[in-house]
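Peer 1: Before I ask anything, let me first share the structure, which is written out below as structure tokens.
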Amino acid sequence: MKYCYYLLAMLICFGCQTFNQEQALENTRIMREISQNWSYAQVNGELKGKATVPGTIHTDLLAEGKIKDPFYRTNEKDLQWIDKEDWVYTTSFELKANELKKSHLILDFKGLDTYADVYLNDSLLLKADNMFREWEVNILPVAKEGVNQLKVYLHSPINKGLAMLEASPYAYPAGNDQSENGGLGDKRVSIFTRKAGYHYGWDWGPRFVTSGIWRPVILKGWDDMRIRDVFIKQPSVTKEKASLEAQVTVQVDKAGTYNIAVSHENGELTSKELKLTEGENVVSLPFTMDNPKLWWSHGLGDAHMYNFKTSVSGNDMHDSYEVATGLRSLKLVREKDEDGESFLFELNGVRVFMKGANYIPNDNFLPRVDKAEYDKVIADAVNANMNMLRVWGGGIYENDYFYKLCDKNGLLVWEDFMFACSLYPDDSAFLNSVKQEAIDNVVRLRNHPSIALWCGNNEINTGWHYGSEGGWGWKKEYTTEQQEALQKGYLDVFHKILPEVVDQYTDGDDYWPSSPQAGYEWDQHAGYTSTSGDMHYWGVWHGLHPFEDFEKYKARFMSEYGFQSFPDFETVKKYAEPKDYDIESEVMAAHQRSGIGNLRIREYMSWEYNVPKDFKQFLYMSHVLQARGTKMAIEAHRRAMPYCMGTLYWQINDCWPVASWSSTDYTHKWKAMHYTVKKLYKPVMLSAFHNEGRLEVYGVSDFLEDKEGTLSLEIIDFDGKSIWKQDEDIALAANTSSKLFEWNYTHLLNSLDSTQSVLKMTFKAGDEELANNLYYFAKPKDQKLPTPELKIELVENDGKPALEISTDKLARDIYFNFPDKEAHFSDNYFDLLPGEKRVISIDGASGLSKDDLEIMHLGEIK
Ligand code: BMA
């Protein structure tokens, strides 16, 4: 059941607030989720039925069979009427006489999507208008003993948006809003509503503009006192000493002297008698910890978490609140240097290269993303050796559970505020809503040690400024005065409100106005030749640059780049029928939202590979192609360390089954790209590249100490004959990239057949192989790939099914699949050298038979 983890968490927690079993008074607090007996009804129509809260109207209609699966074939088209309707959600809950005697009784709406009028017993409690906000409402004036009727009236976000567009002096740029698909012509209304941008469509997403009670509703009651929030500030953290400060927000009904104490697993850290005034008090308790266990990002050490418990007692009242956080110093370093200005993250004094991806919401219907889904996407990141995810600004401020997983796994988070690729209104109601949204989310998330950066928006600075014509052509739609007004609106949000909130509500977290941007100031917009700031390099793909150009466009921090592929065939089978198996079919086209998508894939494929006609082979080739491009990008970025200090590809996941830039598809099936990323994000990477007449081999290490070991280089032909071989003992330099070996490329090519030779690189420290890689001297298309004889056995290895595979000649991009099984292979789409033998373990599937195994490899594609 979705969100049952929320309920479970609530049973032990009150917000983050724990019950103190010893305190009878505290045990009389009320805390229960209002999740039962909900129903929905169409306001201007007949539809009604049982509802799930948290949920959305689309998933409620689906659960009752009133609509077909929105993700199947072209069903999306038939479901566009839903967002033009108003819907009413109702339930009832009981209150006992003693509960009504509480001095505080509230309903806490963790998330309402979006224009929600909330009534209790027919009295209007709240008019919500921002999906990203949390609303606490006092219900004492209208609550009654016995049955209470709760009603949430959800206005159509489209009708609200249309009215605002009508009243607006001009329309705003919102290129990703698929208004045409929604039957609205060119009326793009998404920007008026504080709601996830991707709900209105994106170049990887369908258009489902949801309505619903998307996060839990919780009834809370208490007497006299509650701790509303605790923020563990970290003014200074070193491995010798952490100077910390608990900032406690406590609400009391009676002024008086209270004892406030902070403790953790090993006992009390500090306590103080303090005079509190009636109402809300914010008090600070500084304390220190000697030799703290530091929180490290994945790959550098333990992501150690401490549990700090804050207790307040006095006037016969007691309350406590727990915060789990990690202790670390973390900052964005932007320092002038000979190349320009750095853009790098320093964690506990270590300059850490960020290896990661951009992250989008896991589903169009957010409440059905359960704990298991989050576990999967975070496991995919961790298993691919990542240390950072960017929560992209066209989605949502994620659920607490997402950040908990990031904390636990040492994944740093680049957190965008939820603004992407559009301009927004500038009226005071809108600005106030944005400010409150920012406060709600910064306060909710600020204790997470994983949060590394708050970023104002995605690509809006670029959209406005980039290029000589001025951005993406937005400006030419407006008069000079209008441009000034739009610019002012931008500056109000991204250079005033948001940085002020970050400044006021965090302990010095870094803020960056827009991704990408060359410098902090508004006019420092980023191009493709940045020597400062972060870069989104879309020359490959949008700009039709060849993959080799990843080499040319080095950034100080590469926060986006990517290349599309189709979902895995097993995933395609879930939304398409055999008659749809053509990438240009109506169904496949409906699951490809980039207008240039198929063209780009085909074009790049023709540069690098044979383009197959067969549908399944085409999907396979799209994966191989995407992995090849990504490999060239990541190798270039890591090799450019320390000039470049981060690479976040676009994008790790999908919100539905679609052709996209993702490395794992909607079902979490790893594409070839994800396997490639995993290898290239290991602490040590070897990489060879052709640099102006020389073939250079680089070793990149994220280890914090030099590694002694043996670098083995061998050139072999595709039949396995050794052409050249050399072993060298080296000390691989810590936390940087270094050139380890080089040849004169022309001389080298004279000694081999470039179409039939490969360079094999390995680096071993003792018996442990820390890295390996292959370098080919010709494009796949120009290679003379042999016909290998693959020997494959299905065996058992450590109690799991496994494939044992060997070959007599080179086999490239070997792909395994067990049709209709959820098999996850420990490696896939890999190259096997002549004489090499591998054991590939298989998870997630049983009852496998070798007869069912499907295999493809590059040599077969004609
Ligand atoms: C980037 C992202 C998204 C988009 C992707 C692919 O610019 O920020 O807006 O989906 O490119 O075009």
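By order of appearance in the structure tokens: chains A, B, ..., then residues from 1 within every chain, and ligands from 1 in the order shown.
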Which residues of chain A have any atom within 7 Å of an atom in ligand 1 when counting only C-alpha atoms and all ligand atoms, and what is the closest pair of atoms for each, with the distance in Å to one decimal? Order the rows by chain and rising number and write it as JSON lines.
Peer 2:
{"residue": "A:Trp202", "atom": "CA", "partner": "ligand 1", "partner_atom_place_in_ligand_line": "10 (O)", "distance": 6.3}
{"residue": "A:Asp203", "atom": "CA", "partner": "ligand 1", "partner_atom_place_in_ligand_line": "10 (O)", "distance": 5.2}
{"residue": "A:Trp204", "atom": "CA", "partner": "ligand 1", "partner_atom_place_in_ligand_line": "10 (O)", "distance": 6.2}
{"residue": "A:Ala420", "atom": "CA", "partner": "ligand 1", "partner_atom_place_in_ligand_line": "9 (O)", "distance": 6.9}
{"residue": "A:Cys421", "atom": "CA", "partner": "ligand 1", "partner_atom_place_in_ligand_line": "9 (O)", "distance": 6.5}
{"residue": "A:Asn458", "atom": "CA", "partner": "ligand 1", "partner_atom_place_in_ligand_line": "8 (O)", "distance": 5.8}
{"residue": "A:Glu459", "atom": "CA", "partner": "ligand 1", "partner_atom_place_in_ligand_line": "8 (O)", "distance": 6.4}
{"residue": "A:Glu560", "atom": "CA", "partner": "ligand 1", "partner_atom_place_in_ligand_line": "1 (C)", "distance": 6.7}
{"residue": "A:Trp650", "atom": "CA", "partner": "ligand 1", "partner_atom_place_in_ligand_line": "5 (C)", "distance": 6.7}
Peer 1: Would you list, as a ChimeraX atom specification, the residues of segment 149-394 of chain A that end up in strand (DSSP E or B) under DSSP run on this structure's backbone?
Peer 2: /A:149-154,174,194,202,205,212,217-222,225-237,241-252,256-264,267-276,279-290,294-295,303,306-314,317-325,327,330-333,336-337,340-341,344-347,350-352,354-359,388-391
Peer 1: Extract, using only C-alpha atoms, all DNA, RNA and protein residues at most 10 Å from segment 567-576 of chain A, discarding same-chain residues fewer than 4 positions from it, and format them as a PDB file with C-alpha atoms, in the first residue's frame.
Peer 2:
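Dumped to result-v3.pdb:
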ATOM      1  CA  ASP A  69      -4.109   2.650 -17.917  1.00  0.00           C
ATOM      2  CA  PRO A  70      -2.844   6.165 -18.750  1.00  0.00           C
ATOM      3  CA  PHE A  71       0.561   4.838 -19.800  1.00  0.00           C
ATOM      4  CA  TYR A  72      -0.724   2.166 -22.195  1.00  0.00           C
ATOM      5  CA  ARG A  73      -0.431   2.821 -25.942  1.00  0.00           C
ATOM      6  CA  THR A  74      -2.031   6.244 -26.679  1.00  0.00           C
ATOM      7  CA  ASN A  75      -4.480   6.279 -23.773  1.00  0.00           C
ATOM      8  CA  ASP A 580       3.192  -1.014 -32.761  1.00  0.00           C
ATOM      9  CA  TYR A 581       6.751  -2.290 -33.077  1.00  0.00           C
ATOM     10  CA  SER A 585       4.253   4.022 -35.145  1.00  0.00           C
ATOM     11  CA  VAL A 587       2.176   4.355 -30.114  1.00  0.00           C
ATOM     12  CA  MET A 588       5.968   4.538 -30.163  1.00  0.00           C
ATOM     13  CA  HIS A 591       6.169   7.536 -26.057  1.00  0.00           C
ATOM     14  CA  PHE A 615      12.745  -3.027 -34.389  1.00  0.00           C
ATOM     15  CA  LYS A 616      14.308  -4.999 -31.530  1.00  0.00           C
ATOM     16  CA  GLN A 617      17.763  -4.570 -32.969  1.00  0.00           C
ATOM     17  CA  LEU A 619      16.252  -0.558 -29.669  1.00  0.00           C
ATOM     18  CA  TYR A 620      19.395  -2.492 -28.779  1.00  0.00           C
ATOM     19  CA  SER A 622      19.996   2.860 -29.438  1.00  0.00           C
ATOM     20  CA  HIS A 623      21.302   1.587 -26.091  1.00  0.00           C
ATOM     21  CA  ASP A 654      11.952   8.101 -16.091  1.00  0.00           C
ATOM     22  CA  TRP A 656       6.744   6.710 -17.445  1.00  0.00           C
ATOM     23  CA  PRO A 657       7.872   4.306 -20.164  1.00  0.00           C
ATOM     24  CA  VAL A 658       9.370   6.533 -22.863  1.00  0.00           C
ATOM     25  CA  ALA A 659      12.281   7.113 -25.191  1.00  0.00           C
ATOM     26  CA  SER A 660      14.458   9.466 -23.174  1.00  0.00           C
ATOM     27  CA  TRP A 661      17.929  10.379 -21.995  1.00  0.00           C
ATOM     28  CA  SER A 662      17.556   8.092 -18.955  1.00  0.00           C
ATOM     29  CA  SER A 663      20.078   5.435 -18.002  1.00  0.00           C
ATOM     30  CA  THR A 664      17.435   3.281 -16.261  1.00  0.00           C
ATOM     31  CA  ASP A 665      13.936   3.037 -17.671  1.00  0.00           C
ATOM     32  CA  TYR A 666      10.575   3.400 -15.900  1.00  0.00           C
ATOM     33  CA  THR A 667      10.753  -0.192 -14.633  1.00  0.00           C
ATOM     34  CA  HIS A 668      14.312   0.451 -13.334  1.00  0.00           C
ATOM     35  CA  LYS A 669      15.750  -1.784 -16.003  1.00  0.00           C
ATOM     36  CA  TRP A 670      19.358  -0.785 -16.556  1.00  0.00           C
ATOM     37  CA  LYS A 671      20.135   0.409 -20.041  1.00  0.00           C
ATOM     38  CA  ALA A 672      23.604  -0.125 -21.515  1.00  0.00           C
ATOM     39  CA  ASN A 817      17.803 -10.989 -21.926  1.00  0.00           C
ATOM     40  CA  PHE A 818      15.376 -13.524 -20.532  1.00  0.00           C
ATOM     41  CA  PRO A 819      12.041 -12.524 -22.118  1.00  0.00           C
ATOM     42  CA  ASP A 820       9.209 -11.782 -19.689  1.00  0.00           C
ATOM     43  CA  LYS A 821      11.491 -12.160 -16.650  1.00  0.00           C
ATOM     44  CA  GLU A 822      12.666  -9.378 -14.369  1.00  0.00           C
TER      45      GLU A 822
END
Peer 1: For segment 825-829 of chain A, list every protein, DNA or RNA residue within 8 Å, evaluated using only C-alpha atoms, and leave out those in the same chain fewer than 4 positions away; present the list as number ranges by chain.
Peer 2: A: 624, 672, 675, 812-816, 840-843, 857
Peer 1: Quick one: residues within 10 Å of Tyr520 of chain A, only C-alpha atoms counted, chain neighbours fewer than 4 positions away excluded, as an mmCIF file with N, CA and C atoms, in the first residue's frame?
Peer 2:
data_model
loop_
_atom_site.group_PDB
_atom_site.id
_atom_site.type_symbol
_atom_site.label_atom_id
_atom_site.label_comp_id
_atom_site.auth_asym_id
_atom_site.auth_seq_id
_atom_site.Cartn_x
_atom_site.Cartn_y
_atom_site.Cartn_z
ATOM 1 N N ARG A 334 34.210 28.602 -5.093
ATOM 2 C CA ARG A 334 34.351 29.362 -6.340
ATOM 3 C C ARG A 334 35.510 30.322 -6.129
ATOM 4 N N HIS A 495 17.169 36.260 -7.465
ATOM 5 C CA HIS A 495 18.286 37.019 -6.887
ATOM 6 C C HIS A 495 17.885 37.735 -5.607
ATOM 7 N N TYR A 511 24.018 28.980 -2.299
ATOM 8 C CA TYR A 511 22.923 29.212 -3.247
ATOM 9 C C TYR A 511 23.530 29.573 -4.593
ATOM 10 N N TRP A 512 22.957 29.044 -5.645
ATOM 11 C CA TRP A 512 23.417 29.321 -7.011
ATOM 12 C C TRP A 512 22.169 29.673 -7.809
ATOM 13 N N PRO A 513 22.149 30.835 -8.475
ATOM 14 C CA PRO A 513 20.868 31.322 -9.004
ATOM 15 C C PRO A 513 20.224 30.456 -10.085
ATOM 16 N N SER A 514 21.024 29.901 -10.982
ATOM 17 C CA SER A 514 20.427 29.163 -12.097
ATOM 18 C C SER A 514 21.431 28.149 -12.597
ATOM 19 N N GLN A 524 25.856 37.062 -15.979
ATOM 20 C CA GLN A 524 26.901 36.094 -16.299
ATOM 21 C C GLN A 524 26.288 34.775 -16.735
ATOM 22 N N HIS A 525 25.752 34.809 -17.925
ATOM 23 C CA HIS A 525 25.096 33.616 -18.433
ATOM 24 C C HIS A 525 26.119 32.680 -19.060
ATOM 25 N N SER A 532 34.095 29.197 -15.895
ATOM 26 C CA SER A 532 33.603 29.356 -14.527
ATOM 27 C C SER A 532 32.176 28.823 -14.477
ATOM 28 N N GLY A 533 31.671 28.639 -13.281
ATOM 29 C CA GLY A 533 30.285 28.207 -13.123
ATOM 30 C C GLY A 533 30.035 26.784 -13.613
#
Peer 1: Can you pull out every residue within 9 Å of Leu61 of chain A, counting only C-alpha atoms, but drop anything in the same chain fewer than 3 positions away, and send it as JSON, numbers by chain?
Peer 2: {"A": [47, 48, 49, 50, 51, 56, 57, 58, 64, 65, 66, 67, 68]}
Peer 1: Please produce a file of those selected residues containing all heavy atoms, as a compact mmCIF listing (two decimals), in the first residue's frame.
Peer 2:
# COMPACT_ATOMS: atom_id res chain seq x y z
N LEU A 47 -19.32 11.12 -12.23
CA LEU A 47 -18.34 10.17 -11.71
C LEU A 47 -18.14 10.32 -10.21
O LEU A 47 -17.94 11.43 -9.71
CB LEU A 47 -16.99 10.37 -12.43
CG LEU A 47 -16.97 9.92 -13.88
CD1 LEU A 47 -15.70 10.42 -14.57
CD2 LEU A 47 -17.07 8.41 -13.98
N LYS A 48 -18.14 9.22 -9.53
CA LYS A 48 -17.81 9.23 -8.11
C LYS A 48 -17.40 7.84 -7.67
O LYS A 48 -17.69 6.85 -8.34
CB LYS A 48 -18.96 9.76 -7.27
CG LYS A 48 -20.26 9.03 -7.40
CD LYS A 48 -21.24 9.65 -6.41
CE LYS A 48 -22.61 9.07 -6.63
NZ LYS A 48 -23.65 10.04 -6.67
N GLY A 49 -16.68 7.78 -6.56
CA GLY A 49 -16.25 6.47 -6.08
C GLY A 49 -15.30 6.58 -4.91
O GLY A 49 -15.13 7.66 -4.31
N LYS A 50 -14.70 5.46 -4.59
CA LYS A 50 -13.75 5.41 -3.45
C LYS A 50 -12.43 6.06 -3.86
O LYS A 50 -11.96 5.88 -4.97
CB LYS A 50 -13.47 3.95 -3.11
CG LYS A 50 -14.39 3.38 -2.02
CD LYS A 50 -14.17 1.90 -1.88
CE LYS A 50 -12.74 1.64 -1.47
NZ LYS A 50 -12.40 1.06 -0.31
N ALA A 51 -11.85 6.77 -2.92
CA ALA A 51 -10.60 7.45 -3.23
C ALA A 51 -9.48 6.99 -2.30
O ALA A 51 -9.74 6.51 -1.20
CB ALA A 51 -10.77 8.96 -3.08
N THR A 56 -4.21 10.72 -6.40
CA THR A 56 -4.57 11.70 -7.44
C THR A 56 -5.88 11.24 -8.06
O THR A 56 -6.23 10.07 -7.98
CB THR A 56 -3.53 11.76 -8.59
OG1 THR A 56 -3.59 10.51 -9.30
CG2 THR A 56 -2.13 12.00 -8.10
N ILE A 57 -6.56 12.14 -8.71
CA ILE A 57 -7.82 11.78 -9.35
C ILE A 57 -7.58 10.74 -10.46
O ILE A 57 -8.37 9.80 -10.62
CB ILE A 57 -8.59 13.03 -9.86
CG1 ILE A 57 -9.94 12.61 -10.43
CG2 ILE A 57 -7.81 13.84 -10.87
CD1 ILE A 57 -10.86 11.91 -9.46
N HIS A 58 -6.48 10.88 -11.17
CA HIS A 58 -6.21 9.92 -12.25
C HIS A 58 -6.10 8.49 -11.69
O HIS A 58 -6.67 7.55 -12.25
CB HIS A 58 -4.92 10.27 -12.99
CG HIS A 58 -5.01 11.53 -13.80
ND1 HIS A 58 -5.00 12.78 -13.24
CD2 HIS A 58 -5.12 11.72 -15.15
CE1 HIS A 58 -5.08 13.69 -14.21
NE2 HIS A 58 -5.15 13.07 -15.37
N GLU A 64 -10.68 2.29 -10.06
CA GLU A 64 -12.08 1.85 -10.17
C GLU A 64 -12.46 1.43 -11.58
O GLU A 64 -13.63 1.25 -11.88
CB GLU A 64 -12.98 3.00 -9.72
CG GLU A 64 -12.75 3.36 -8.27
CD GLU A 64 -14.04 3.69 -7.59
OE1 GLU A 64 -14.80 4.48 -8.16
OE2 GLU A 64 -14.30 3.11 -6.52
N GLY A 65 -11.49 1.37 -12.46
CA GLY A 65 -11.75 0.94 -13.83
C GLY A 65 -12.50 1.98 -14.65
O GLY A 65 -13.05 1.67 -15.71
N LYS A 66 -12.53 3.23 -14.19
CA LYS A 66 -13.28 4.26 -14.93
C LYS A 66 -12.46 4.83 -16.08
O LYS A 66 -13.00 5.47 -16.98
CB LYS A 66 -13.74 5.35 -13.98
CG LYS A 66 -14.61 4.75 -12.86
CD LYS A 66 -15.71 5.66 -12.42
CE LYS A 66 -16.72 4.89 -11.61
NZ LYS A 66 -16.72 5.17 -10.19
N ILE A 67 -11.16 4.66 -15.97
CA ILE A 67 -10.31 5.03 -17.12
C ILE A 67 -9.35 3.87 -17.36
O ILE A 67 -9.11 3.04 -16.48
CB ILE A 67 -9.50 6.34 -16.89
CG1 ILE A 67 -8.57 6.21 -15.66
CG2 ILE A 67 -10.41 7.53 -16.80
CD1 ILE A 67 -7.58 7.34 -15.52
N LYS A 68 -8.76 3.88 -18.56
CA LYS A 68 -7.78 2.83 -18.88
C LYS A 68 -6.40 3.28 -18.43
O LYS A 68 -6.17 4.48 -18.19
CB LYS A 68 -7.79 2.59 -20.38
CG LYS A 68 -9.10 1.99 -20.85
CD LYS A 68 -8.89 1.45 -22.26
CE LYS A 68 -10.23 1.09 -22.88
NZ LYS A 68 -10.35 1.60 -24.24
Peer 1: Residues at most 10 Å from Met225 of chain A, counting only C-alpha atoms, excluding those fewer than 3 positions away in the same chain, as an mmCIF file with N, CA and C atoms, in the first residue's frame?
Peer 2:
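To be explicit, this is the file written out as selection34.cif:
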data_model
loop_
_atom_site.group_PDB
_atom_site.id
_atom_site.type_symbol
_atom_site.label_atom_id
_atom_site.label_comp_id
_atom_site.auth_asym_id
_atom_site.auth_seq_id
_atom_site.Cartn_x
_atom_site.Cartn_y
_atom_site.Cartn_z
ATOM 1 N N GLU A 26 2.457 13.612 27.718
ATOM 2 C CA GLU A 26 2.827 13.613 26.310
ATOM 3 C C GLU A 26 2.051 12.560 25.545
ATOM 4 N N SER A 103 -5.838 22.006 23.941
ATOM 5 C CA SER A 103 -5.750 23.438 23.656
ATOM 6 C C SER A 103 -5.381 23.694 22.197
ATOM 7 N N HIS A 104 -4.847 22.661 21.531
ATOM 8 C CA HIS A 104 -4.539 22.812 20.095
ATOM 9 C C HIS A 104 -5.012 21.579 19.347
ATOM 10 N N TRP A 222 -2.564 18.762 20.899
ATOM 11 C CA TRP A 222 -1.668 18.802 22.060
ATOM 12 C C TRP A 222 -2.125 19.885 23.025
ATOM 13 N N ARG A 228 8.114 22.591 17.686
ATOM 14 C CA ARG A 228 7.660 22.597 16.296
ATOM 15 C C ARG A 228 8.775 22.173 15.344
ATOM 16 N N VAL A 250 9.845 26.358 19.695
ATOM 17 C CA VAL A 250 8.920 25.735 20.638
ATOM 18 C C VAL A 250 7.745 26.676 20.886
ATOM 19 N N GLN A 251 6.553 26.086 20.871
ATOM 20 C CA GLN A 251 5.346 26.880 21.109
ATOM 21 C C GLN A 251 4.830 26.555 22.505
ATOM 22 N N VAL A 252 4.657 27.581 23.333
ATOM 23 C CA VAL A 252 4.118 27.335 24.680
ATOM 24 C C VAL A 252 2.891 28.208 24.924
ATOM 25 N N ASP A 253 1.980 27.666 25.692
ATOM 26 C CA ASP A 253 0.781 28.446 26.028
ATOM 27 C C ASP A 253 1.007 29.292 27.271
ATOM 28 N N LYS A 254 1.885 28.743 28.156
ATOM 29 C CA LYS A 254 2.132 29.480 29.416
ATOM 30 C C LYS A 254 3.570 29.952 29.459
ATOM 31 N N GLU A 278 4.825 33.362 26.026
ATOM 32 C CA GLU A 278 3.671 32.701 25.437
ATOM 33 C C GLU A 278 3.723 32.812 23.905
ATOM 34 N N GLY A 279 3.421 31.726 23.219
ATOM 35 C CA GLY A 279 3.482 31.722 21.752
ATOM 36 C C GLY A 279 4.733 31.014 21.268
ATOM 37 N N GLU A 280 5.207 31.443 20.085
ATOM 38 C CA GLU A 280 6.345 30.740 19.486
ATOM 39 C C GLU A 280 7.671 31.352 19.930
ATOM 40 N N VAL A 312 12.078 19.400 25.863
ATOM 41 C CA VAL A 312 11.695 20.622 26.583
ATOM 42 C C VAL A 312 10.734 20.205 27.685
ATOM 43 N N SER A 313 11.029 20.624 28.946
ATOM 44 C CA SER A 313 10.086 20.341 30.031
ATOM 45 C C SER A 313 9.907 21.557 30.915
ATOM 46 N N GLY A 314 8.758 21.626 31.541
ATOM 47 C CA GLY A 314 8.417 22.733 32.427
ATOM 48 C C GLY A 314 6.925 22.838 32.519
ATOM 49 N N ASN A 315 6.441 23.452 33.616
ATOM 50 C CA ASN A 315 4.988 23.605 33.809
ATOM 51 C C ASN A 315 4.254 22.277 33.641
ATOM 52 N N MET A 317 4.815 20.008 31.687
ATOM 53 C CA MET A 317 4.713 19.573 30.296
ATOM 54 C C MET A 317 6.065 19.065 29.821
ATOM 55 N N HIS A 318 5.997 18.201 28.824
ATOM 56 C CA HIS A 318 7.240 17.681 28.263
ATOM 57 C C HIS A 318 7.020 17.407 26.779
ATOM 58 N N ASP A 319 8.021 17.684 26.010
ATOM 59 C CA ASP A 319 7.956 17.284 24.604
ATOM 60 C C ASP A 319 9.376 16.989 24.125
#
Peer 1: With the cut-off set at 12 Å and counting only C-alpha atoms, tabulate each residue of segment 251-332 of chain A with an atom at most that distance from an atom of segment 354-370 of chain A, showing the nearest atom pair and its distance in Å to one decimal, ordered by chain and increasing number, as CSV.
Peer 2:
residue,atom,partner,partner_atom,distance
A:Ser297,CA,A:Met354,CA,9.7
A:His298,CA,A:Lys355,CA,10.0
A:Gly299,CA,A:Lys355,CA,10.5
A:Leu300,CA,A:Met354,CA,11.7
A:Leu332,CA,A:Met354,CA,11.8
Peer 1: Select, from A:Asp407, A:Gly256, A:Leu711, A:Asp129, the residue with the minimum atom-to-atom distance to Leu274 of chain A, counting only C-alpha atoms.
Peer 2: A:Gly256
Peer 1: Interatomic distance between atom CA of Ser849 of chain A and atom CA of His824 of chain A?
Peer 2: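 According to the coordinates, atom CA of Ser849 of chain A and atom CA of His824 of chain A are separated by 15.0 Å.
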